[in-house]
Amino acid sequence: MNARPPPAEEDAVVPPAPASPPPAVGSPLRRVEDRELVTGGAGFVADLRPERTAVHVAFVRSPLAAATIIAVDPSSALGEPGVVAVLTGRDLDGDPTVDNVGPYSTAFGAELAQALLPVDRVGFAGEAIVAVVAETAAEAADAVEQVIVDLEPTEPVLDLDHALASTVIEGTRVRGGHQPDPTRFEPADDRVVVELTQWSPRQLPSPIEARAVTAQPVGDGRLEVVAATQTPHAFRAGLARVLRVEPDRIRVIAPAVGGGFGGKTTRAPEEYLVPILARRLGRPVSWHETRSEYFATATQGRGERITLTLAGDRSGRLTGLRADVVKDGGAYPLVGLQLPGGYTLKMANGCYDIEHVEFTSVGVLTSRPPTSAYRGAGRSPYVAALERAVDRFAAELGVDPVEVRRRNLIRADQLPYSTPTGAVYDEADYPADLERAVVAAGYDDLRRRQAERRAAGDPVAIGIGVASYSHMTTGGGGEEASVTIESDGTATVVTGTTSQGHGHATTWAQIAADALTMPVDRIRVVEGDTDAIGSGVGAVGSRSLQTAGIAIHRSAAEVRERARRVAADELEAAVDDVVTAADGSGFHVIGTPARSVSWHGVATAALASAAAGDGGDGGDGGEGSERELTCGEFYDTEGRNTFPSGAHVAVVEVDTETGLVSLRRLVAVDDAGTVVNPTIVEGQLHGGIASAVGQVLGEVIVHDDSGNQLTSSLLDYPIPTTDQLPSFEVVPSATPTSFNQLGFKGVGESGTVGATGAVHNAVLDAIAHLGVEHLDIPCTPERVWTAIQAATAPPS
């Protein structure tokens, strides 16, 4: 037998070092929550039925948009089969209102608040007047028909000018920027001035699951509420006030499915009444809104008239901007009326370096459902109007709209940038993003093709729309999170955020994985449960990553350091000599991987030490001791709002003979700072862009002259379908912000903010050569065709 000689010393085989996994942050990992979502394992509120003793609520609703309540007689309903109780406004203790259980009482005053059930008047068609509780949903619906409500009609307020004369909410009037200077906006030989008034009609967020609440007593005087809400802790706080109990007597759970889009930020009277009834009756109570109810009564977004005056010199430099926003708050003032002053004002100049900015906003009440948030709230309509005004300015000068933007965008070396209206923009590169977008779209070639079609008299016109944007996210405040190493060596992340499909379970695990040096699949995420953590703002304002993400990172980093100290004791080594294993399995002595301890071993040792009363390093084993492998952090932005930005290019075709608009391309360059999961970010952008397309091309809530809502179902509210949308071309761009340690910005609303103006500009660009200068959204075929006919009709 021939034996191989031993290797020389210099040829000795050295075992390969364990491979380090790539960082989790930045990786397009598959979402861990998707299997449950697509197989039905994730339950909607309607799926989470309590015990069989649950009863159901239906509501008697006003058929009038404005009326005085003369009398309510529920006696006939009480005798109907299965009816358990009937509740009117006079049956409620005191005078609870949405205002005094929500965060709006200090802003608007109780005299304007919506009662949980009205006693004297109704403010919009569909407002709930009486709650009927029965053993089944069908019995409750039948009994509703037996309640007698005597209403005296009053004059509805539907027109904004009418509302301005009678129901202005002075609390929302804000002046920002410079003092008024009319001379800046007077046309002159060296000055170009354009004025634009753009109406942004009401829209519905239209989640997959509409509003839904199930509440049940769970013993010891506690109440458990499962609700379709983006803000479970705020809902709990409101319930505690109206029920006059401590918040810890109520648990609110928000399932991570169903969609929100801003429409589940504020709570409606019906959602407060379900827990009230459960507590009064001592049994589970459920309410699952029908789609028809949702259309008629849910809070709506948008509803604002924006007037802009834009001034600049003949070189194409913008020198002045005057903005006036009139916001339709609906029948009762909620968060919708806070948006112009809270968001729009601060970013009134968009991403343009405009020295002089004047801004005024006013809120009014009308006989329609209240307005609240909707994706891009307080930003998307305004940015779209500003981008439209920039295109009008370019047309007045006879300069390409891209060139005007190039001459006015804030440069990267000007950032951070203090706006004239009080905001500070973080790092970005607006001009570079614009160039990325126009290059990716092949802008010059598109303009050439457009000219060829026009020269040939082709009835199908090409339109190219451009929009540059920057918008405020976070809105201030912070978020809480904790990270715990469990006894089996896995980790649990708990946050006060909530998800309706955002991808938080994956995103939070990726952030924790890098800070812990632990595989993502060994990390579990818990959120949307007020019993799991003491505080939480929720999923609003594109804020979750920038607040909870930082808190998770800090908590995980601290837990890792505590675990390293435990590992050092187990390995009988100095703490500085212990490192985390490259494969995420645990810890080992530096340079000696064989001397190791797993995460499970560390957790076991920590638990044993805690049980023995050894706090480690002189600790007592309590919170914050070295032996307790859990850490909670609250991260407060301290007013450092971030401003995601980008540039979009839209290409449409307009059939000038029918008015039909078809979106052919959408190129999106969006800067969200450091990206945790590119796939999830793309998904957020796709959803936001689709929302913008719907806003521009068809989605609108319509009321008749009496205030009755004519838009009653998805048959007449045309949300874009997949066959109407092209494959969006998303071009990466990332400028990490210095406003937080990980460089995160928001992304959930960027697609809507960027694409609305681009698509609208594209439609108007397609028909500009026919003489159409402006057209309010939505640009339906009828509206487009009518505008073309009016512009091309021969003089009479």
# chains A, B, ... in the order shown; residues from 1 in each chain; ligands from 1
>>> select_by_dssp(residues="region 462-572 of chain A", states="helix (DSSP H, G or I)", output="ChimeraX atom specification")
/A:504-516,520-522,544-571
>>> write_last_selection(atoms="N, CA and C atoms", output="tab-separated table (two decimals), in the first residue's frame")
chain	number	residue	atom	x	y	z
A	504	HIS	N	-43.56	44.24	8.52
A	504	HIS	CA	-42.79	44.51	9.73
A	504	HIS	C	-42.13	43.27	10.30
A	505	ALA	N	-42.81	42.13	10.26
A	505	ALA	CA	-42.23	40.92	10.87
A	505	ALA	C	-40.88	40.60	10.27
A	506	THR	N	-40.74	40.78	8.98
A	506	THR	CA	-39.46	40.53	8.30
A	506	THR	C	-38.47	41.67	8.56
A	507	THR	N	-38.93	42.89	8.42
A	507	THR	CA	-38.05	44.05	8.56
A	507	THR	C	-37.46	44.13	9.97
A	508	TRP	N	-38.31	43.97	10.98
A	508	TRP	CA	-37.81	44.06	12.36
A	508	TRP	C	-36.83	42.92	12.65
A	509	ALA	N	-37.11	41.74	12.11
A	509	ALA	CA	-36.20	40.62	12.33
A	509	ALA	C	-34.85	40.87	11.67
A	510	GLN	N	-34.84	41.49	10.51
A	510	GLN	CA	-33.58	41.79	9.83
A	510	GLN	C	-32.73	42.77	10.64
A	511	ILE	N	-33.36	43.79	11.17
A	511	ILE	CA	-32.62	44.77	11.98
A	511	ILE	C	-32.06	44.11	13.23
A	512	ALA	N	-32.89	43.33	13.90
A	512	ALA	CA	-32.44	42.66	15.13
A	512	ALA	C	-31.35	41.64	14.83
A	513	ALA	N	-31.47	40.94	13.69
A	513	ALA	CA	-30.50	39.90	13.36
A	513	ALA	C	-29.10	40.47	13.24
A	514	ASP	N	-28.95	41.60	12.60
A	514	ASP	CA	-27.63	42.20	12.45
A	514	ASP	C	-27.08	42.69	13.78
A	515	ALA	N	-27.94	43.29	14.61
A	515	ALA	CA	-27.47	43.82	15.89
A	515	ALA	C	-27.11	42.69	16.86
A	516	LEU	N	-27.83	41.57	16.77
A	516	LEU	CA	-27.56	40.44	17.66
A	516	LEU	C	-26.47	39.51	17.12
A	520	VAL	N	-31.92	35.37	10.96
A	520	VAL	CA	-33.24	35.97	10.92
A	520	VAL	C	-34.33	34.97	11.31
A	521	ASP	N	-34.17	33.71	10.91
A	521	ASP	CA	-35.23	32.74	11.17
A	521	ASP	C	-35.32	32.33	12.64
A	522	ARG	N	-34.45	32.85	13.48
A	522	ARG	CA	-34.52	32.57	14.91
A	522	ARG	C	-35.07	33.76	15.70
A	544	SER	N	-42.69	54.10	11.09
A	544	SER	CA	-42.35	52.93	11.90
A	544	SER	C	-40.87	52.58	11.85
A	545	LEU	N	-40.28	52.53	10.66
A	545	LEU	CA	-38.88	52.14	10.53
A	545	LEU	C	-37.98	53.15	11.23
A	546	GLN	N	-38.32	54.44	11.12
A	546	GLN	CA	-37.46	55.49	11.66
A	546	GLN	C	-37.54	55.61	13.17
A	547	THR	N	-38.55	54.99	13.78
A	547	THR	CA	-38.71	55.07	15.23
A	547	THR	C	-38.50	53.69	15.84
A	548	ALA	N	-39.40	52.76	15.54
A	548	ALA	CA	-39.26	51.40	16.09
A	548	ALA	C	-37.99	50.73	15.60
A	549	GLY	N	-37.62	50.99	14.34
A	549	GLY	CA	-36.41	50.36	13.80
A	549	GLY	C	-35.18	50.72	14.59
A	550	ILE	N	-35.06	51.99	14.98
A	550	ILE	CA	-33.91	52.44	15.77
A	550	ILE	C	-33.99	51.84	17.18
A	551	ALA	N	-35.20	51.84	17.76
A	551	ALA	CA	-35.35	51.28	19.11
A	551	ALA	C	-35.00	49.79	19.12
A	552	ILE	N	-35.39	49.07	18.08
A	552	ILE	CA	-35.05	47.64	17.98
A	552	ILE	C	-33.54	47.46	17.88
A	553	HIS	N	-32.90	48.23	17.03
A	553	HIS	CA	-31.44	48.13	16.87
A	553	HIS	C	-30.73	48.37	18.19
A	554	ARG	N	-31.11	49.40	18.90
A	554	ARG	CA	-30.45	49.72	20.16
A	554	ARG	C	-30.71	48.64	21.22
A	555	SER	N	-31.96	48.17	21.28
A	555	SER	CA	-32.28	47.12	22.25
A	555	SER	C	-31.49	45.85	21.96
A	556	ALA	N	-31.44	45.46	20.69
A	556	ALA	CA	-30.73	44.23	20.31
A	556	ALA	C	-29.24	44.35	20.58
A	557	ALA	N	-28.66	45.52	20.31
A	557	ALA	CA	-27.23	45.71	20.55
A	557	ALA	C	-26.92	45.60	22.05
A	558	GLU	N	-27.80	46.16	22.89
A	558	GLU	CA	-27.58	46.07	24.34
A	558	GLU	C	-27.73	44.64	24.83
A	559	VAL	N	-28.72	43.92	24.31
A	559	VAL	CA	-28.91	42.52	24.70
A	559	VAL	C	-27.69	41.69	24.30
A	560	ARG	N	-27.15	41.94	23.12
A	560	ARG	CA	-25.97	41.20	22.69
A	560	ARG	C	-24.80	41.41	23.66
A	561	GLU	N	-24.63	42.66	24.10
A	561	GLU	CA	-23.54	42.93	25.04
A	561	GLU	C	-23.77	42.23	26.38
A	562	ARG	N	-25.02	42.19	26.85
A	562	ARG	CA	-25.31	41.47	28.09
A	562	ARG	C	-25.04	39.98	27.91
A	563	ALA	N	-25.45	39.46	26.76
A	563	ALA	CA	-25.21	38.03	26.49
A	563	ALA	C	-23.72	37.73	26.40
A	564	ARG	N	-22.96	38.66	25.87
A	564	ARG	CA	-21.51	38.45	25.76
A	564	ARG	C	-20.87	38.35	27.15
A	565	ARG	N	-21.37	39.11	28.09
A	565	ARG	CA	-20.84	39.03	29.44
A	565	ARG	C	-21.16	37.69	30.08
A	566	VAL	N	-22.39	37.20	29.83
A	566	VAL	CA	-22.74	35.88	30.34
A	566	VAL	C	-21.85	34.82	29.69
A	567	ALA	N	-21.65	34.93	28.39
A	567	ALA	CA	-20.80	33.98	27.68
A	567	ALA	C	-19.37	34.00	28.22
A	568	ALA	N	-18.87	35.17	28.56
A	568	ALA	CA	-17.52	35.28	29.10
A	568	ALA	C	-17.40	34.51	30.41
A	569	ASP	N	-18.43	34.60	31.26
A	569	ASP	CA	-18.40	33.83	32.50
A	569	ASP	C	-18.41	32.34	32.21
A	570	GLU	N	-19.23	31.93	31.27
A	570	GLU	CA	-19.34	30.50	30.95
A	570	GLU	C	-18.04	29.98	30.34
A	571	LEU	N	-17.36	30.80	29.58
A	571	LEU	CA	-16.12	30.38	28.91
A	571	LEU	C	-14.88	30.69	29.74
>>> residues_around(residues="Pro269 (chain A)", least_positions_apart="2", cutoff="9 Å", atoms="only C-alpha atoms", output="ChimeraX atom specification")
/A:97-98,114-117,128,267,271-274
>>> atom_distance(atom1="CA of Gln230 (chain A)", atom2="CA of Ile533 (chain A)")
15.5 Å
>>> closest_atom_pairs(of="region 523-580 of chain A", to="region 256-263 of chain A", cutoff="9 Å", atoms="only C-alpha atoms", output="JSON lines")
{"residue": "A:Glu527", "atom": "CA", "partner": "A:Ala256", "partner_atom": "CA", "distance": 8.5}
{"residue": "A:Gly528", "atom": "CA", "partner": "A:Ala256", "partner_atom": "CA", "distance": 7.3}
{"residue": "A:Ala539", "atom": "CA", "partner": "A:Gly262", "partner_atom": "CA", "distance": 8.3}
{"residue": "A:Val540", "atom": "CA", "partner": "A:Gly262", "partner_atom": "CA", "distance": 6.7}
{"residue": "A:Gly541", "atom": "CA", "partner": "A:Gly262", "partner_atom": "CA", "distance": 8.4}
>>> atom_distance(atom1="CA of Leu446 (chain A)", atom2="CA of Val651 (chain A)")
8.5 Å
>>> closest_residue(among="A:Asn677, A:Thr580, A:Ser662, A:Ser691", to="Asp723 (chain A)", atoms="only C-alpha atoms")
A:Ser662
>>> residues_around(residues="region 36-50 of chain A", least_positions_apart="5", cutoff="8 Å", atoms="only C-alpha atoms", output="list in words")
Glu209, Ala212, Val213, Thr214, Gln216, Val226, Ala227, Ala228, Pro255, Ala256, Val257, Gly258, Pro284 and His288 of chain A
>>> select_by_dssp(residues="region 33-206 of chain A", states="strand (DSSP E or B)", output="number ranges by chain")
A: 55-61, 67-73, 83-87, 97, 115, 121-122, 128-134, 148-153, 168-177, 188, 191-200, 203
>>> atom_distance(atom1="CA of Leu223 (chain A)", atom2="CA of Arg279 (chain A)")
7.3 Å
>>> closest_residue(among="A:Phe359, A:Trp785, A:Phe108, A:Tyr374", to="Pro333 (chain A)", atoms="only C-alpha atoms")
A:Phe108
>>> closest_residue(among="A:Ala734, A:Leu339, A:Ile485, A:Leu775", to="Val676 (chain A)", atoms="only C-alpha atoms")
A:Ala734
>>> closest_atom_pairs(of="region 440-476 of chain A", to="region 375-397 of chain A", cutoff="9 Å", atoms="only C-alpha atoms", output="JSON lines")
{"residue": "A:Gly465", "atom": "CA", "partner": "A:Asp391", "partner_atom": "CA", "distance": 8.9}
{"residue": "A:Val466", "atom": "CA", "partner": "A:Glu387", "partner_atom": "CA", "distance": 8.0}
{"residue": "A:Ala467", "atom": "CA", "partner": "A:Glu387", "partner_atom": "CA", "distance": 5.9}
{"residue": "A:Ser468", "atom": "CA", "partner": "A:Glu387", "partner_atom": "CA", "distance": 7.3}
{"residue": "A:Tyr469", "atom": "CA", "partner": "A:Val383", "partner_atom": "CA", "distance": 6.8}
{"residue": "A:Ser470", "atom": "CA", "partner": "A:Val383", "partner_atom": "CA", "distance": 8.3}
{"residue": "A:His471", "atom": "CA", "partner": "A:Arg379", "partner_atom": "CA", "distance": 6.5}
{"residue": "A:Met472", "atom": "CA", "partner": "A:Arg379", "partner_atom": "CA", "distance": 7.9}
>>> write_last_selection(atoms="N, CA, C and O atoms", output="PDB file, in the first residue's frame")
ATOM      1  N   GLY A 465     -45.076  63.118 -18.316  1.00  0.00           N
ATOM      2  CA  GLY A 465     -45.194  63.921 -17.102  1.00  0.00           C
ATOM      3  C   GLY A 465     -44.028  63.681 -16.173  1.00  0.00           C
ATOM      4  O   GLY A 465     -43.584  62.541 -15.992  1.00  0.00           O
ATOM      5  N   VAL A 466     -43.521  64.746 -15.591  1.00  0.00           N
ATOM      6  CA  VAL A 466     -42.392  64.680 -14.666  1.00  0.00           C
ATOM      7  C   VAL A 466     -42.804  65.292 -13.333  1.00  0.00           C
ATOM      8  O   VAL A 466     -43.564  66.270 -13.291  1.00  0.00           O
ATOM      9  N   ALA A 467     -42.326  64.710 -12.261  1.00  0.00           N
ATOM     10  CA  ALA A 467     -42.551  65.289 -10.935  1.00  0.00           C
ATOM     11  C   ALA A 467     -41.333  65.030 -10.072  1.00  0.00           C
ATOM     12  O   ALA A 467     -40.845  63.897 -10.012  1.00  0.00           O
ATOM     13  N   SER A 468     -40.835  66.070  -9.431  1.00  0.00           N
ATOM     14  CA  SER A 468     -39.811  65.933  -8.404  1.00  0.00           C
ATOM     15  C   SER A 468     -40.492  66.207  -7.063  1.00  0.00           C
ATOM     16  O   SER A 468     -41.369  67.067  -6.965  1.00  0.00           O
ATOM     17  N   TYR A 469     -40.080  65.492  -6.035  1.00  0.00           N
ATOM     18  CA  TYR A 469     -40.794  65.658  -4.769  1.00  0.00           C
ATOM     19  C   TYR A 469     -39.874  65.478  -3.575  1.00  0.00           C
ATOM     20  O   TYR A 469     -38.816  64.847  -3.641  1.00  0.00           O
ATOM     21  N   SER A 470     -40.286  66.046  -2.482  1.00  0.00           N
ATOM     22  CA  SER A 470     -39.740  65.790  -1.160  1.00  0.00           C
ATOM     23  C   SER A 470     -40.920  65.909  -0.212  1.00  0.00           C
ATOM     24  O   SER A 470     -41.773  66.784  -0.397  1.00  0.00           O
ATOM     25  N   HIS A 471     -41.008  65.037   0.767  1.00  0.00           N
ATOM     26  CA  HIS A 471     -42.161  65.142   1.670  1.00  0.00           C
ATOM     27  C   HIS A 471     -41.795  64.716   3.081  1.00  0.00           C
ATOM     28  O   HIS A 471     -40.898  63.903   3.291  1.00  0.00           O
ATOM     29  N   MET A 472     -42.501  65.280   4.044  1.00  0.00           N
ATOM     30  CA  MET A 472     -42.183  65.051   5.447  1.00  0.00           C
ATOM     31  C   MET A 472     -42.768  63.737   5.950  1.00  0.00           C
ATOM     32  O   MET A 472     -43.922  63.411   5.687  1.00  0.00           O
TER      33      MET A 472
END
>>> closest_residue(among="A:Glu304, A:Asp531, A:Asp159, A:Asp444", to="Arg251 (chain A)", atoms="only C-alpha atoms")
A:Asp531
